[in-house]
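Structure first, commentary second.
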Amino acid sequence: MIIITGGAGFIGSAMLWELNMQGRDDILIVDTLGSTATGQWRNLSGLKFADFIPRDAFLPLLETGALPEPTAIIHMGAISATTETDADLLIERNFAFSKSVAAYCMQKRVRLIYASSAATYGDGTAGYEDDETKIDTLRPLNMYGYSKQLFDRWAMKNGVLESAAGLKFFNVYGPNEYHKGEMTSVVYKAFLQIREKGSVNLFKSHRPDYLDGQQQRDFVYIRDCTAIMTWLLDHPEVSGLFNAGSGEARTFNDLAGATFAALDMKPDITYIAMPENLQGRYQYHTCASMGKLRRAGYRKPMTTLEEGVREYVRNYLDSGTSYYDLLNHTKRA
């Protein structure tokens, strides 16, 4: 059995889809679904799994031995909003909860794959090398990033990373993100704006070394993230912290252009002022160093921005559904 925490969320449910496509349904999902209005339950509709356990009931069942012992835990459950301001809640959900899951995996020798974040790198002045020994040099720009860094640091100092694999996800986009509100990808937001008014809003630059729309991100397609996690499941001898990105920095202008191209439309971009509360905490450049994962043996090529956006827009967003469905084989890569 495999346990996926955050299994109804963006990356977690995409991983469930990936495992289903491999013929696996011996999977226990842990999450909270919230209100019907958020629609997150749709991420599970049509997918196959053995059982669902509410988040608050999970740790007591796990720690008392009431659950079948899993072969692996894919720990994606966390507060993922970079704008979350409740520091105590972030510590509880992203740090303390993760420590409990990791402690169980160490005790039972269960394979652990968990979600860290590129937000741990802060403004990037310390680089984007996924080197465990440099964790203490990083300065996240928000409390979300700091909560992830705290667990990375704890995992390193307590020997968790000797057998577990942590993934520093960069800017992930793709199906099953529709419920994330303001935290949805720029691809998703751009598509909605184009369909509504035929144009896209991007932030103006507040730095003289970057033109408007030329701010850069490492955009990574969700299918690449699930491929990496699948490979890590198949290679339990590989452990440590790894970046999960495309390995290439692309501009927001590039992303908007790819979205327009997927819809066979000419780009129409409006540059708007960046909110003041973001100006001091905004990353102008991110790019994952993927050398460590490649040296560990991962060989699959990463999806280009144009390829990923085209598949996402044409096969999902513009087809009337934004989530994976096992019954619709036209959406399979």
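Each chain of the structure tokens is named A, B, ... in the order shown, its residues numbered from 1; ligands are numbered from 1 in display order.
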
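Every protein or nucleic acid residue with an atom no more than 7 Å from stretch 285-289 of chain A, counting only C-alpha atoms and leaving out same-chain residues fewer than 6 positions away, appears here: Gly124, Tyr128, Glu129, Gln215, Gln216, Arg217, Asp218, Asn243, Gly245, Ser246, Gly247, Glu248 and Ala249 of chain A.
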
Any chance you could export the current selection's N, CA, C and O atoms as a PDB file, in the first residue's frame?
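Dumped everything to selection_10.pdb:
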```
ATOM      1  N   GLY A 124      17.116  34.046  -4.260  1.00  0.00           N
ATOM      2  CA  GLY A 124      18.029  33.379  -5.181  1.00  0.00           C
ATOM      3  C   GLY A 124      19.479  33.807  -5.084  1.00  0.00           C
ATOM      4  O   GLY A 124      20.325  33.272  -5.810  1.00  0.00           O
ATOM      5  N   TYR A 128      20.542  28.194  -6.533  1.00  0.00           N
ATOM      6  CA  TYR A 128      19.459  27.192  -6.570  1.00  0.00           C
ATOM      7  C   TYR A 128      20.036  25.785  -6.624  1.00  0.00           C
ATOM      8  O   TYR A 128      19.518  24.909  -7.303  1.00  0.00           O
ATOM      9  N   GLU A 129      21.112  25.566  -5.902  1.00  0.00           N
ATOM     10  CA  GLU A 129      21.724  24.248  -5.808  1.00  0.00           C
ATOM     11  C   GLU A 129      21.047  23.446  -4.695  1.00  0.00           C
ATOM     12  O   GLU A 129      20.973  23.913  -3.545  1.00  0.00           O
ATOM     13  N   GLN A 215      10.451  39.153 -16.023  1.00  0.00           N
ATOM     14  CA  GLN A 215      10.773  38.399 -14.820  1.00  0.00           C
ATOM     15  C   GLN A 215      10.741  36.913 -15.179  1.00  0.00           C
ATOM     16  O   GLN A 215       9.930  36.470 -15.995  1.00  0.00           O
ATOM     17  N   GLN A 216      11.629  36.132 -14.570  1.00  0.00           N
ATOM     18  CA  GLN A 216      11.817  34.749 -14.995  1.00  0.00           C
ATOM     19  C   GLN A 216      11.461  33.747 -13.903  1.00  0.00           C
ATOM     20  O   GLN A 216      11.697  33.989 -12.718  1.00  0.00           O
ATOM     21  N   ARG A 217      10.897  32.639 -14.343  1.00  0.00           N
ATOM     22  CA  ARG A 217      10.586  31.539 -13.448  1.00  0.00           C
ATOM     23  C   ARG A 217      10.956  30.218 -14.115  1.00  0.00           C
ATOM     24  O   ARG A 217      11.004  30.104 -15.336  1.00  0.00           O
ATOM     25  N   ASP A 218      11.173  29.220 -13.284  1.00  0.00           N
ATOM     26  CA  ASP A 218      11.326  27.861 -13.766  1.00  0.00           C
ATOM     27  C   ASP A 218       9.940  27.221 -13.710  1.00  0.00           C
ATOM     28  O   ASP A 218       9.476  26.809 -12.659  1.00  0.00           O
ATOM     29  N   ASN A 243      15.938  19.198  -6.562  1.00  0.00           N
ATOM     30  CA  ASN A 243      15.077  20.159  -7.231  1.00  0.00           C
ATOM     31  C   ASN A 243      14.122  19.433  -8.163  1.00  0.00           C
ATOM     32  O   ASN A 243      14.483  18.424  -8.779  1.00  0.00           O
ATOM     33  N   GLY A 245      12.222  20.902 -11.140  1.00  0.00           N
ATOM     34  CA  GLY A 245      11.924  21.993 -12.050  1.00  0.00           C
ATOM     35  C   GLY A 245      12.217  21.554 -13.467  1.00  0.00           C
ATOM     36  O   GLY A 245      12.516  20.378 -13.720  1.00  0.00           O
ATOM     37  N   SER A 246      12.144  22.492 -14.399  1.00  0.00           N
ATOM     38  CA  SER A 246      12.459  22.170 -15.785  1.00  0.00           C
ATOM     39  C   SER A 246      13.949  22.321 -16.064  1.00  0.00           C
ATOM     40  O   SER A 246      14.463  21.793 -17.047  1.00  0.00           O
ATOM     41  N   GLY A 247      14.634  23.078 -15.197  1.00  0.00           N
ATOM     42  CA  GLY A 247      16.043  23.368 -15.414  1.00  0.00           C
ATOM     43  C   GLY A 247      16.265  24.546 -16.341  1.00  0.00           C
ATOM     44  O   GLY A 247      17.403  24.808 -16.754  1.00  0.00           O
ATOM     45  N   GLU A 248      15.187  25.272 -16.647  1.00  0.00           N
ATOM     46  CA  GLU A 248      15.284  26.405 -17.565  1.00  0.00           C
ATOM     47  C   GLU A 248      14.444  27.565 -17.049  1.00  0.00           C
ATOM     48  O   GLU A 248      13.296  27.376 -16.639  1.00  0.00           O
ATOM     49  N   ALA A 249      15.006  28.764 -17.052  1.00  0.00           N
ATOM     50  CA  ALA A 249      14.265  29.970 -16.648  1.00  0.00           C
ATOM     51  C   ALA A 249      13.604  30.583 -17.878  1.00  0.00           C
ATOM     52  O   ALA A 249      14.272  30.836 -18.881  1.00  0.00           O
TER      53      ALA A 249
END
```

- Message: Which residues are close to A:Arg93, i.e. within 10 Å by only C-alpha atoms, leaving aside same-chain residues fewer than 4 positions away? Reply as an MDAnalysis selection string.
- Response: chainID A and resid 77:79 88:89 97:99 147

Among A:Lys157, A:Arg310, A:Arg111, A:Arg24, A:Asp264 is approached most closely, using only C-alpha atoms, by A:Arg310

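Closest approach to A:Ile29 from the set A:Ile269, A:Leu44, A:Leu90, A:Cys225 is made by A:Leu44, with distances taken over only C-alpha atoms.
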
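Per DSSP on the backbone, alpha helix (DSSP H) in stretch 203-262 of chain A comprises A:Ile222, A:Arg223, A:Asp224, A:Cys225, A:Thr226, A:Ala227, A:Ile228, A:Met229, A:Thr230, A:Trp231, A:Leu232, A:Leu233, A:Asp234, A:Phe252, A:Asn253, A:Asp254, A:Leu255, A:Ala256, A:Gly257, A:Ala258, A:Thr259, A:Phe260, A:Ala261, A:Ala262.
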
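For the set A:Ala190, A:Asp131, A:Glu92, A:Tyr324, the residue with the smallest atom-to-atom gap to A:Leu150 is A:Glu92, counting only C-alpha atoms.
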
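Proximity to A:Val187 was assessed for A:Ile228, A:Ile91, A:Leu317, A:Ile3 counting only C-alpha atoms; the smallest distance is recorded for A:Leu317.
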
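Closest to A:Asn176 among A:His206, A:Arg42, A:Lys134, A:Arg139 is A:Arg42, based on only C-alpha atoms.
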
Give me, as CSV, the closest atom pair and its distance (Å, one decimal) for every residue of stretch 116-234 of chain A within a cut-off of 10 Å of stretch 13-20 of chain A, counting only C-alpha atoms, rows sorted by chain and rising number.
```
residue,atom,partner,partner_atom,distance
A:Gly174,CA,A:Ala14,CA,9.0
A:Pro175,CA,A:Ala14,CA,7.7
A:Asn176,CA,A:Ala14,CA,6.9
A:Glu177,CA,A:Ala14,CA,9.5
A:Ile222,CA,A:Ala14,CA,7.4
A:Arg223,CA,A:Ala14,CA,7.8
A:Cys225,CA,A:Met15,CA,8.5
A:Thr226,CA,A:Met15,CA,5.4
A:Ala227,CA,A:Glu18,CA,8.0
A:Met229,CA,A:Met15,CA,7.9
A:Thr230,CA,A:Leu19,CA,8.0
```

Write out the residues from the selection above, keeping all heavy atoms, as a JSON list (two decimals), in the first residue's frame.
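So the final result, stored in out-v7.json, reads:
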```
[["chain", "number", "residue", "atom", "x", "y", "z"],
["A", 174, "GLY", "N", -0.55, 22.74, -14.37],
["A", 174, "GLY", "CA", -1.17, 21.59, -15.01],
["A", 174, "GLY", "C", -2.52, 21.25, -14.41],
["A", 174, "GLY", "O", -3.01, 21.94, -13.51],
["A", 175, "PRO", "N", -3.16, 20.19, -14.92],
["A", 175, "PRO", "CA", -4.48, 19.79, -14.45],
["A", 175, "PRO", "C", -4.54, 19.56, -12.94],
["A", 175, "PRO", "O", -3.55, 19.17, -12.32],
["A", 175, "PRO", "CB", -4.74, 18.49, -15.21],
["A", 175, "PRO", "CG", -3.86, 18.56, -16.41],
["A", 175, "PRO", "CD", -2.65, 19.31, -15.99],
["A", 176, "ASN", "N", -5.71, 19.79, -12.37],
["A", 176, "ASN", "CA", -6.02, 19.57, -10.95],
["A", 176, "ASN", "C", -5.58, 20.71, -10.03],
["A", 176, "ASN", "O", -5.54, 20.55, -8.82],
["A", 176, "ASN", "CB", -5.45, 18.24, -10.43],
["A", 176, "ASN", "CG", -6.19, 17.04, -10.98],
["A", 176, "ASN", "OD1", -6.80, 17.10, -12.03],
["A", 176, "ASN", "ND2", -6.14, 15.94, -10.26],
["A", 177, "GLU", "N", -5.30, 21.88, -10.60],
["A", 177, "GLU", "CA", -4.92, 23.02, -9.77],
["A", 177, "GLU", "C", -6.05, 24.03, -9.60],
["A", 177, "GLU", "O", -5.91, 25.01, -8.87],
["A", 177, "GLU", "CB", -3.71, 23.73, -10.36],
["A", 177, "GLU", "CG", -3.95, 24.36, -11.74],
["A", 177, "GLU", "CD", -2.88, 25.36, -12.14],
["A", 177, "GLU", "OE1", -2.51, 26.20, -11.31],
["A", 177, "GLU", "OE2", -2.42, 25.29, -13.30],
["A", 222, "ILE", "N", 3.24, 19.50, -14.47],
["A", 222, "ILE", "CA", 2.91, 18.55, -13.41],
["A", 222, "ILE", "C", 3.28, 17.12, -13.80],
["A", 222, "ILE", "O", 3.71, 16.33, -12.96],
["A", 222, "ILE", "CB", 1.40, 18.63, -13.05],
["A", 222, "ILE", "CG1", 1.04, 17.70, -11.91],
["A", 222, "ILE", "CG2", 0.54, 18.35, -14.28],
["A", 222, "ILE", "CD1", 1.70, 18.03, -10.60],
["A", 223, "ARG", "N", 3.18, 16.79, -15.10],
["A", 223, "ARG", "CA", 3.50, 15.44, -15.54],
["A", 223, "ARG", "C", 4.96, 15.11, -15.30],
["A", 223, "ARG", "O", 5.32, 13.95, -15.06],
["A", 223, "ARG", "CB", 3.13, 15.30, -17.02],
["A", 223, "ARG", "CG", 2.86, 13.90, -17.51],
["A", 223, "ARG", "CD", 1.54, 13.35, -16.97],
["A", 223, "ARG", "NE", 0.39, 14.10, -17.41],
["A", 223, "ARG", "CZ", -0.20, 13.96, -18.58],
["A", 223, "ARG", "NH1", 0.29, 13.13, -19.48],
["A", 223, "ARG", "NH2", -1.29, 14.64, -18.87],
["A", 225, "CYS", "N", 6.68, 16.30, -12.75],
["A", 225, "CYS", "CA", 6.80, 16.11, -11.30],
["A", 225, "CYS", "C", 6.38, 14.70, -10.90],
["A", 225, "CYS", "O", 7.05, 14.04, -10.09],
["A", 225, "CYS", "CB", 5.95, 17.14, -10.56],
["A", 225, "CYS", "SG", 6.49, 18.85, -10.81],
["A", 226, "THR", "N", 5.28, 14.21, -11.46],
["A", 226, "THR", "CA", 4.84, 12.86, -11.12],
["A", 226, "THR", "C", 5.78, 11.81, -11.70],
["A", 226, "THR", "O", 5.97, 10.74, -11.10],
["A", 226, "THR", "CB", 3.40, 12.60, -11.61],
["A", 226, "THR", "OG1", 3.32, 12.79, -13.03],
["A", 226, "THR", "CG2", 2.43, 13.55, -10.92],
["A", 227, "ALA", "N", 6.42, 12.12, -12.83],
["A", 227, "ALA", "CA", 7.41, 11.19, -13.39],
["A", 227, "ALA", "C", 8.61, 11.07, -12.47],
["A", 227, "ALA", "O", 9.15, 9.97, -12.26],
["A", 227, "ALA", "CB", 7.83, 11.65, -14.78],
["A", 229, "MET", "N", 8.61, 11.59, -9.17],
["A", 229, "MET", "CA", 8.20, 10.86, -7.97],
["A", 229, "MET", "C", 8.06, 9.37, -8.24],
["A", 229, "MET", "O", 8.43, 8.54, -7.40],
["A", 229, "MET", "CB", 6.90, 11.44, -7.43],
["A", 229, "MET", "CG", 7.07, 12.81, -6.80],
["A", 229, "MET", "SD", 5.61, 13.37, -5.88],
["A", 229, "MET", "CE", 4.51, 13.77, -7.23],
["A", 230, "THR", "N", 7.55, 9.02, -9.41],
["A", 230, "THR", "CA", 7.44, 7.61, -9.77],
["A", 230, "THR", "C", 8.82, 6.97, -9.84],
["A", 230, "THR", "O", 9.03, 5.85, -9.36],
["A", 230, "THR", "CB", 6.72, 7.46, -11.13],
["A", 230, "THR", "OG1", 5.41, 8.00, -11.04],
["A", 230, "THR", "CG2", 6.64, 6.00, -11.55]]
```

Spatial neighbours of A:Lys180, 10 Å, only C-alpha atoms, chain gap at least 6 places, as a PyMOL selection string | chain A and resi 9-10+38-40+80-81

Which residues, written as a ChimeraX atom specification, have at least one atom at most 10 Å from A:Ala258, with only C-alpha atoms counted and residues fewer than 2 positions away on the same chain left out? /A:187,252-256,260-265,267,305-310,313

With C-alpha atoms kept, could you save the residues just selected as an mmCIF file, in the first residue's frame?
```
data_model
loop_
_atom_site.group_PDB
_atom_site.id
_atom_site.type_symbol
_atom_site.label_atom_id
_atom_site.label_comp_id
_atom_site.auth_asym_id
_atom_site.auth_seq_id
_atom_site.Cartn_x
_atom_site.Cartn_y
_atom_site.Cartn_z
ATOM 1 C CA VAL A 187 -1.074 29.551 -17.164
ATOM 2 C CA PHE A 252 6.269 35.546 -18.028
ATOM 3 C CA ASN A 253 6.067 36.996 -21.533
ATOM 4 C CA ASP A 254 7.096 33.564 -22.847
ATOM 5 C CA LEU A 255 4.409 31.879 -20.776
ATOM 6 C CA ALA A 256 1.697 34.292 -21.891
ATOM 7 C CA PHE A 260 -2.059 32.542 -26.655
ATOM 8 C CA ALA A 261 -0.375 30.203 -29.151
ATOM 9 C CA ALA A 262 -2.186 27.189 -27.692
ATOM 10 C CA LEU A 263 -5.435 29.029 -28.411
ATOM 11 C CA ASP A 264 -4.277 30.116 -31.900
ATOM 12 C CA MET A 265 -4.432 33.769 -30.873
ATOM 13 C CA PRO A 267 -0.571 37.894 -27.787
ATOM 14 C CA LEU A 305 7.107 25.274 -21.706
ATOM 15 C CA GLU A 306 5.440 25.371 -25.129
ATOM 16 C CA GLU A 307 4.670 21.633 -25.078
ATOM 17 C CA GLY A 308 3.318 21.643 -21.532
ATOM 18 C CA VAL A 309 1.160 24.732 -21.966
ATOM 19 C CA ARG A 310 -0.238 23.436 -25.259
ATOM 20 C CA VAL A 313 -4.712 24.333 -22.497
#
```

From atom CA of A:Phe49 to atom CA of A:Asp318 the spacing works out at 27.8 Å

Long-range neighbours of stretch 60-66 of chain A as number ranges by chain, 12 Å cut-off, only C-alpha atoms, 5 positions minimum in chain: A: 3, 28, 30, 53-55, 73, 97, 100-105, 107-108
